[in-house]
>>> print(open('run08.txt').read())   # compact mmCIF, N, CA and C atoms
# COMPACT_ATOMS: atom_id res chain seq x y z
N MET A 17 29.67 12.17 32.61
CA MET A 17 29.43 11.10 31.68
C MET A 17 27.97 10.67 31.72
N PHE A 18 27.41 10.58 32.94
CA PHE A 18 26.02 10.18 33.09
C PHE A 18 25.09 11.21 32.44
N GLY A 19 25.43 12.49 32.58
CA GLY A 19 24.62 13.56 31.99
C GLY A 19 24.57 13.46 30.47
N LEU A 20 25.68 13.13 29.84
CA LEU A 20 25.72 12.96 28.40
C LEU A 20 24.85 11.80 27.96
N ALA A 21 24.87 10.71 28.71
CA ALA A 21 24.03 9.54 28.38
C ALA A 21 22.55 9.90 28.47
N VAL A 22 22.19 10.71 29.44
CA VAL A 22 20.80 11.14 29.59
C VAL A 22 20.39 12.01 28.41
N VAL A 23 21.25 12.94 28.02
CA VAL A 23 20.97 13.83 26.89
C VAL A 23 20.80 13.01 25.61
N VAL A 24 21.68 12.04 25.40
CA VAL A 24 21.59 11.19 24.20
C VAL A 24 20.28 10.38 24.24
N ALA A 25 19.95 9.81 25.37
CA ALA A 25 18.72 9.01 25.50
C ALA A 25 17.49 9.86 25.23
N VAL A 26 17.46 11.06 25.77
CA VAL A 26 16.33 11.96 25.53
C VAL A 26 16.26 12.33 24.05
N GLY A 27 17.40 12.61 23.45
CA GLY A 27 17.44 12.95 22.02
C GLY A 27 16.93 11.81 21.16
N VAL A 28 17.36 10.60 21.46
CA VAL A 28 16.88 9.43 20.71
C VAL A 28 15.37 9.28 20.91
N GLY A 29 14.92 9.46 22.12
CA GLY A 29 13.49 9.34 22.42
C GLY A 29 12.65 10.36 21.68
N LEU A 30 13.20 11.54 21.46
CA LEU A 30 12.46 12.60 20.77
C LEU A 30 12.49 12.45 19.25
N PHE A 31 13.63 12.03 18.72
CA PHE A 31 13.79 12.03 17.27
C PHE A 31 13.54 10.68 16.60
N ALA A 32 13.71 9.59 17.30
CA ALA A 32 13.56 8.26 16.68
C ALA A 32 12.13 7.99 16.21
N PRO A 33 11.10 8.23 17.03
CA PRO A 33 9.74 7.92 16.55
C PRO A 33 9.34 8.66 15.27
N PRO A 34 9.60 9.96 15.13
CA PRO A 34 9.26 10.61 13.87
C PRO A 34 10.05 10.05 12.68
N LEU A 35 11.32 9.70 12.89
CA LEU A 35 12.12 9.13 11.80
C LEU A 35 11.59 7.76 11.41
N ILE A 36 11.22 6.95 12.37
CA ILE A 36 10.66 5.63 12.08
C ILE A 36 9.33 5.78 11.35
N GLU A 37 8.52 6.72 11.78
CA GLU A 37 7.22 6.95 11.13
C GLU A 37 7.40 7.41 9.68
N LYS A 38 8.34 8.30 9.44
CA LYS A 38 8.62 8.77 8.07
C LYS A 38 9.06 7.61 7.18
N ARG A 39 9.95 6.78 7.69
CA ARG A 39 10.44 5.65 6.91
C ARG A 39 9.30 4.67 6.62
N SER A 40 8.44 4.43 7.59
CA SER A 40 7.29 3.54 7.40
C SER A 40 6.34 4.12 6.36
N GLU A 41 6.08 5.42 6.45
CA GLU A 41 5.20 6.07 5.48
C GLU A 41 5.77 5.99 4.07
N ARG A 42 7.05 6.16 3.94
CA ARG A 42 7.71 6.07 2.63
C ARG A 42 7.57 4.67 2.04
N ARG A 43 7.73 3.63 2.87
CA ARG A 43 7.56 2.25 2.41
C ARG A 43 6.13 1.99 1.97
N VAL A 44 5.16 2.49 2.73
CA VAL A 44 3.75 2.30 2.38
C VAL A 44 3.43 3.01 1.06
N ARG A 45 3.89 4.23 0.91
CA ARG A 45 3.65 4.97 -0.33
C ARG A 45 4.27 4.27 -1.53
N THR A 46 5.49 3.78 -1.38
CA THR A 46 6.17 3.08 -2.48
C THR A 46 5.40 1.84 -2.89
N ALA A 47 4.97 1.05 -1.92
CA ALA A 47 4.20 -0.16 -2.23
C ALA A 47 2.86 0.18 -2.87
N LEU A 48 2.20 1.19 -2.35
CA LEU A 48 0.90 1.59 -2.89
C LEU A 48 1.01 2.05 -4.34
N LEU A 49 2.03 2.82 -4.64
CA LEU A 49 2.22 3.27 -6.02
C LEU A 49 2.58 2.12 -6.95
N ALA A 50 3.36 1.15 -6.46
CA ALA A 50 3.69 -0.03 -7.28
C ALA A 50 2.44 -0.84 -7.57
N VAL A 51 1.58 -1.02 -6.58
CA VAL A 51 0.33 -1.76 -6.79
C VAL A 51 -0.58 -1.00 -7.75
N GLN A 52 -0.64 0.32 -7.61
CA GLN A 52 -1.44 1.13 -8.54
C GLN A 52 -0.94 0.96 -9.98
N GLU A 53 0.36 0.95 -10.16
CA GLU A 53 0.92 0.77 -11.49
C GLU A 53 0.57 -0.61 -12.06
N GLY A 54 0.67 -1.64 -11.23
CA GLY A 54 0.28 -2.98 -11.66
C GLY A 54 -1.19 -3.06 -12.00
N LEU A 55 -2.01 -2.38 -11.23
CA LEU A 55 -3.45 -2.34 -11.48
C LEU A 55 -3.75 -1.65 -12.81
N GLN A 56 -3.02 -0.60 -13.11
CA GLN A 56 -3.20 0.09 -14.39
C GLN A 56 -2.77 -0.79 -15.56
N ARG A 57 -1.70 -1.57 -15.37
CA ARG A 57 -1.30 -2.52 -16.41
C ARG A 57 -2.39 -3.57 -16.63
N PHE A 58 -2.97 -4.05 -15.54
CA PHE A 58 -4.07 -5.01 -15.63
C PHE A 58 -5.20 -4.41 -16.47
N HIS A 59 -5.54 -3.16 -16.17
CA HIS A 59 -6.63 -2.48 -16.87
C HIS A 59 -6.35 -2.33 -18.36
N VAL A 60 -5.12 -2.01 -18.71
CA VAL A 60 -4.77 -1.87 -20.13
C VAL A 60 -4.98 -3.19 -20.86
N ARG A 61 -4.55 -4.29 -20.24
CA ARG A 61 -4.66 -5.59 -20.90
C ARG A 61 -6.10 -6.12 -20.90
N GLU A 62 -6.80 -5.98 -19.78
CA GLU A 62 -8.13 -6.58 -19.62
C GLU A 62 -9.28 -5.63 -19.99
N GLU A 63 -8.99 -4.36 -20.06
CA GLU A 63 -9.95 -3.29 -20.36
C GLU A 63 -10.99 -3.07 -19.26
N ILE A 64 -10.79 -3.71 -18.13
CA ILE A 64 -11.59 -3.46 -16.92
C ILE A 64 -10.66 -3.65 -15.73
N TYR A 65 -11.11 -3.22 -14.56
CA TYR A 65 -10.38 -3.48 -13.33
C TYR A 65 -10.91 -4.78 -12.74
N PRO A 66 -10.17 -5.40 -11.83
CA PRO A 66 -10.70 -6.59 -11.17
C PRO A 66 -12.05 -6.28 -10.54
N ARG A 67 -12.97 -7.20 -10.63
CA ARG A 67 -14.35 -6.95 -10.20
C ARG A 67 -14.59 -7.03 -8.70
N ARG A 68 -13.95 -7.94 -8.03
CA ARG A 68 -14.30 -8.17 -6.62
C ARG A 68 -13.39 -7.39 -5.66
N ALA A 69 -13.91 -7.08 -4.51
CA ALA A 69 -13.12 -6.43 -3.46
C ALA A 69 -12.09 -7.43 -2.95
N MET A 70 -10.90 -6.94 -2.63
CA MET A 70 -9.82 -7.82 -2.19
C MET A 70 -8.95 -7.14 -1.14
N SER A 71 -8.26 -7.97 -0.39
CA SER A 71 -7.21 -7.46 0.48
C SER A 71 -6.02 -7.13 -0.41
N GLY A 72 -5.05 -6.44 0.13
CA GLY A 72 -3.85 -6.15 -0.63
C GLY A 72 -3.13 -7.41 -1.06
N HIS A 73 -3.06 -8.39 -0.18
CA HIS A 73 -2.39 -9.65 -0.50
C HIS A 73 -3.07 -10.33 -1.69
N GLU A 74 -4.39 -10.38 -1.68
CA GLU A 74 -5.12 -11.01 -2.80
C GLU A 74 -4.89 -10.25 -4.10
N LEU A 75 -4.91 -8.92 -4.03
CA LEU A 75 -4.70 -8.11 -5.22
C LEU A 75 -3.28 -8.29 -5.76
N VAL A 76 -2.29 -8.26 -4.88
CA VAL A 76 -0.90 -8.45 -5.31
C VAL A 76 -0.75 -9.83 -5.94
N GLU A 77 -1.35 -10.83 -5.35
CA GLU A 77 -1.28 -12.19 -5.90
C GLU A 77 -1.87 -12.23 -7.31
N LEU A 78 -3.02 -11.59 -7.52
CA LEU A 78 -3.65 -11.53 -8.84
C LEU A 78 -2.76 -10.80 -9.84
N LEU A 79 -2.22 -9.66 -9.44
CA LEU A 79 -1.39 -8.86 -10.34
C LEU A 79 -0.07 -9.57 -10.68
N VAL A 80 0.52 -10.24 -9.71
CA VAL A 80 1.77 -10.98 -9.96
C VAL A 80 1.49 -12.15 -10.90
N SER A 81 0.42 -12.90 -10.64
CA SER A 81 0.12 -14.07 -11.47
C SER A 81 -0.18 -13.68 -12.92
N GLY A 82 -0.68 -12.48 -13.14
CA GLY A 82 -0.96 -12.00 -14.49
C GLY A 82 0.21 -11.29 -15.15
N GLY A 83 1.33 -11.17 -14.44
CA GLY A 83 2.50 -10.51 -14.99
C GLY A 83 2.42 -8.99 -14.97
N HIS A 84 1.55 -8.44 -14.16
CA HIS A 84 1.35 -7.00 -14.09
C HIS A 84 2.18 -6.34 -12.98
N LEU A 85 2.77 -7.18 -12.10
CA LEU A 85 3.50 -6.68 -10.95
C LEU A 85 4.62 -7.67 -10.64
N ASP A 86 5.78 -7.15 -10.28
CA ASP A 86 6.90 -8.02 -9.90
C ASP A 86 6.58 -8.75 -8.60
N ASP A 87 7.04 -9.99 -8.51
CA ASP A 87 6.74 -10.79 -7.33
C ASP A 87 7.62 -10.45 -6.13
N ASP A 88 8.55 -9.54 -6.28
CA ASP A 88 9.43 -9.19 -5.17
C ASP A 88 8.97 -7.95 -4.40
N LEU A 89 7.74 -7.50 -4.64
CA LEU A 89 7.22 -6.34 -3.91
C LEU A 89 7.24 -6.64 -2.41
N ALA A 90 7.80 -5.74 -1.64
CA ALA A 90 7.88 -5.92 -0.18
C ALA A 90 6.61 -5.42 0.49
N ASN A 91 6.15 -6.18 1.45
CA ASN A 91 5.04 -5.75 2.30
C ASN A 91 5.61 -4.63 3.19
N PRO A 92 5.07 -3.42 3.11
CA PRO A 92 5.67 -2.30 3.86
C PRO A 92 5.53 -2.44 5.38
N TRP A 93 4.65 -3.31 5.85
CA TRP A 93 4.44 -3.46 7.29
C TRP A 93 5.33 -4.54 7.88
N THR A 94 5.81 -5.46 7.05
CA THR A 94 6.64 -6.55 7.56
C THR A 94 8.06 -6.52 7.00
N GLY A 95 8.23 -5.93 5.82
CA GLY A 95 9.52 -5.92 5.15
C GLY A 95 9.78 -7.20 4.37
N ARG A 96 8.93 -8.21 4.54
CA ARG A 96 9.06 -9.47 3.80
C ARG A 96 8.32 -9.34 2.47
N PRO A 97 8.57 -10.28 1.54
CA PRO A 97 7.82 -10.24 0.28
C PRO A 97 6.32 -10.26 0.54
N TYR A 98 5.58 -9.45 -0.20
CA TYR A 98 4.14 -9.30 0.02
C TYR A 98 3.42 -10.64 -0.03
N LEU A 99 3.82 -11.48 -0.98
CA LEU A 99 3.13 -12.75 -1.15
C LEU A 99 3.35 -13.72 0.00
N SER A 100 4.37 -13.50 0.81
CA SER A 100 4.63 -14.41 1.93
C SER A 100 4.10 -13.89 3.26
N SER A 101 3.44 -12.73 3.25
CA SER A 101 2.98 -12.16 4.53
C SER A 101 1.53 -11.66 4.41
N PRO A 102 0.57 -12.60 4.32
CA PRO A 102 -0.82 -12.19 4.12
C PRO A 102 -1.50 -11.63 5.37
N ASP A 103 -0.95 -11.89 6.56
CA ASP A 103 -1.64 -11.50 7.79
C ASP A 103 -1.51 -10.03 8.14
N ASP A 104 -0.35 -9.45 7.94
CA ASP A 104 -0.13 -8.05 8.30
C ASP A 104 -0.30 -7.21 7.03
N ASP A 105 -1.55 -6.92 6.70
CA ASP A 105 -1.88 -6.29 5.42
C ASP A 105 -3.00 -5.26 5.64
N TRP A 106 -2.69 -4.02 5.41
CA TRP A 106 -3.67 -2.95 5.64
C TRP A 106 -4.10 -2.28 4.34
N LEU A 107 -3.77 -2.90 3.20
CA LEU A 107 -4.17 -2.41 1.88
C LEU A 107 -5.50 -3.06 1.49
N ARG A 108 -6.42 -2.26 0.95
CA ARG A 108 -7.72 -2.77 0.50
C ARG A 108 -8.00 -2.27 -0.91
N TYR A 109 -8.69 -3.10 -1.68
CA TYR A 109 -9.05 -2.78 -3.06
C TYR A 109 -10.54 -3.00 -3.25
N ARG A 110 -11.14 -2.13 -4.06
CA ARG A 110 -12.52 -2.36 -4.50
C ARG A 110 -12.74 -1.65 -5.82
N SER A 111 -13.77 -2.08 -6.51
CA SER A 111 -14.12 -1.52 -7.80
C SER A 111 -15.61 -1.21 -7.81
N ASP A 112 -16.04 -0.40 -8.77
CA ASP A 112 -17.47 -0.16 -8.91
C ASP A 112 -18.12 -1.39 -9.53
N SER A 113 -19.42 -1.40 -9.65
CA SER A 113 -20.16 -2.58 -10.12
C SER A 113 -19.84 -2.96 -11.56
N LEU A 114 -19.38 -2.00 -12.37
CA LEU A 114 -19.04 -2.30 -13.76
C LEU A 114 -17.54 -2.50 -13.96
N ALA A 115 -16.76 -2.43 -12.89
CA ALA A 115 -15.30 -2.58 -12.92
C ALA A 115 -14.64 -1.55 -13.83
N GLU A 116 -15.21 -0.35 -13.86
CA GLU A 116 -14.65 0.74 -14.66
C GLU A 116 -13.78 1.69 -13.84
N THR A 117 -13.95 1.66 -12.53
CA THR A 117 -13.14 2.49 -11.64
C THR A 117 -12.61 1.62 -10.50
N TYR A 118 -11.61 2.12 -9.79
CA TYR A 118 -11.07 1.38 -8.65
C TYR A 118 -10.77 2.34 -7.51
N GLU A 119 -10.60 1.75 -6.35
CA GLU A 119 -10.16 2.49 -5.18
C GLU A 119 -9.20 1.60 -4.39
N LEU A 120 -8.03 2.13 -4.10
CA LEU A 120 -7.06 1.49 -3.23
C LEU A 120 -6.99 2.31 -1.96
N THR A 121 -7.13 1.68 -0.82
CA THR A 121 -7.01 2.39 0.45
C THR A 121 -6.02 1.66 1.34
N VAL A 122 -5.30 2.44 2.12
CA VAL A 122 -4.43 1.91 3.16
C VAL A 122 -5.04 2.35 4.48
N LEU A 123 -5.35 1.38 5.31
CA LEU A 123 -5.94 1.67 6.60
C LEU A 123 -4.86 1.92 7.64
N VAL A 124 -5.19 2.68 8.65
CA VAL A 124 -4.28 2.88 9.77
C VAL A 124 -4.11 1.51 10.42
N ARG A 125 -2.88 1.15 10.67
CA ARG A 125 -2.57 -0.18 11.23
C ARG A 125 -3.39 -0.44 12.49
N GLY A 126 -4.14 -1.51 12.46
CA GLY A 126 -4.93 -1.90 13.62
C GLY A 126 -6.28 -1.21 13.71
N GLY A 127 -6.63 -0.39 12.73
CA GLY A 127 -7.90 0.32 12.80
C GLY A 127 -8.59 0.41 11.45
N GLY A 128 -9.73 1.03 11.42
CA GLY A 128 -10.49 1.13 10.19
C GLY A 128 -10.36 2.48 9.48
N GLU A 129 -9.62 3.40 10.08
CA GLU A 129 -9.46 4.73 9.50
C GLU A 129 -8.55 4.68 8.27
N VAL A 130 -8.93 5.40 7.20
CA VAL A 130 -8.16 5.43 5.97
C VAL A 130 -6.97 6.37 6.13
N ARG A 131 -5.78 5.86 5.84
CA ARG A 131 -4.55 6.67 5.91
C ARG A 131 -4.20 7.25 4.55
N PHE A 132 -4.28 6.41 3.49
CA PHE A 132 -4.03 6.85 2.12
C PHE A 132 -5.14 6.32 1.22
N ARG A 133 -5.42 7.07 0.16
CA ARG A 133 -6.43 6.65 -0.81
C ARG A 133 -5.94 7.01 -2.21
N LEU A 134 -6.01 6.02 -3.09
CA LEU A 134 -5.77 6.24 -4.52
C LEU A 134 -6.96 5.66 -5.26
N ASP A 135 -7.44 6.39 -6.25
CA ASP A 135 -8.52 5.84 -7.05
C ASP A 135 -8.41 6.38 -8.47
N SER A 136 -9.28 5.89 -9.33
CA SER A 136 -9.20 6.26 -10.74
C SER A 136 -10.02 7.50 -11.07
N THR A 137 -10.63 8.12 -10.06
CA THR A 137 -11.45 9.30 -10.34
C THR A 137 -10.95 10.57 -9.65
N LYS A 138 -10.95 10.60 -8.32
CA LYS A 138 -10.61 11.83 -7.60
C LYS A 138 -9.19 11.88 -7.05
N ASN A 139 -8.72 10.76 -6.53
CA ASN A 139 -7.43 10.71 -5.84
C ASN A 139 -6.44 9.88 -6.63
N GLN A 140 -5.98 10.43 -7.74
CA GLN A 140 -5.12 9.67 -8.66
C GLN A 140 -3.65 9.68 -8.27
N SER A 141 -3.28 10.47 -7.29
CA SER A 141 -1.90 10.49 -6.81
C SER A 141 -1.90 10.68 -5.30
N LEU A 142 -0.75 10.55 -4.71
CA LEU A 142 -0.62 10.70 -3.26
C LEU A 142 -0.29 12.12 -2.84
N GLU A 143 -0.34 13.04 -3.76
CA GLU A 143 0.01 14.44 -3.43
C GLU A 143 -1.19 15.23 -3.05
>>> encode(input="run08.txt", output="structure tokens")
Amino acid sequence: MFGLAVVVAVGVGLFAPPLIEKRSERRVRTALLAVQEGLQRFHVREEIYPRRAMSGHELVELLVSGGHLDDDLANPWTGRPYLSSPDDDWLRYRSDSLAETYELTVLVRGGGEVRFRLDSTKNQSLE
């Protein structure tokens, strides 16, 4: 019986972290694509992208207030609504000086390294 418990514990230890990482990556990708879609709606209506650099929370707040994004978007790092969790936010937004292009980046949690990048010129999808 003890041997079976050890085998199960080792199996969980080997397989759980990759499964958790995959699920986390899927949540981040889903949120990033939803924000990109809201940003594109903003652009269609305003004919420019937002001018100033923002955190993900600030960008989501702007897009929700303008009706470009649903207010129930979940923060992929906390699982809570994005608008209620401004502290745990690794999404960044910036635009060029004329607000004609944009870049959305997701940083590695706790660091400055870019994990995902979407922009209006080179990296238009996550593939």
>>> closest_residue(input="run08.txt", among="A:Tyr118, A:Ala50, A:Val130, A:Asp135", to="A:Asp87", atoms="only C-alpha atoms")
A:Ala50
>>> atom_distance(input="run08.txt", atom1="atom CA of A:Val80", atom2="atom CA of A:Asp112")
22.1 Å
>>> select_by_dssp(input="run08.txt", residues="chain A", states="alpha helix (DSSP H)", output="VMD selection string")
chain A and resid 18 to 62 72 to 81
>>> residues_around(input="run08.txt", residues="A:His73", least_positions_apart="2", cutoff="6.5 Å", atoms="only N, CA and C atoms", output="list in words")
Met70, Ser71, Leu75, Val76, Glu77, Leu78, Tyr98, Leu99, Pro102, Asp105 and Leu107 of chain A
>>> closest_residue(input="run08.txt", among="A:Gly83, A:Arg68, A:Lys138, A:Val44", to="A:Leu123", atoms="only C-alpha atoms")
A:Val44
>>> closest_residue(input="run08.txt", among="A:Ala115, A:Leu142, A:Val124, A:Val51", to="A:Leu79", atoms="only C-alpha atoms")
A:Val51
>>> atom_distance(input="run08.txt", atom1="atom C of A:Leu49", atom2="atom N of A:Leu114")
23.0 Å
>>> atom_distance(input="run08.txt", atom1="atom N of A:Leu85", atom2="atom CA of A:Gly54")
4.9 Å
>>> closest_residue(input="run08.txt", among="A:Gly72, A:Arg96, A:Gly128, A:Trp106", to="A:Gln52", atoms="only C-alpha atoms")
A:Gly72
>>> select_by_dssp(input="run08.txt", residues="chain A", states="strand (DSSP E or B)", output="PyMOL selection string")
chain A and resi 70-71+90+97+107-111+118-123+130-135
>>> closest_residue(input="run08.txt", among="A:Trp93, A:Arg57, A:Val122, A:Arg45", to="A:Arg110", atoms="only C-alpha atoms")
A:Val122
>>> closest_residue(input="run08.txt", among="A:Gly126, A:Thr46, A:Leu134, A:Tyr65", to="A:Ser111", atoms="only C-alpha atoms")
A:Tyr65
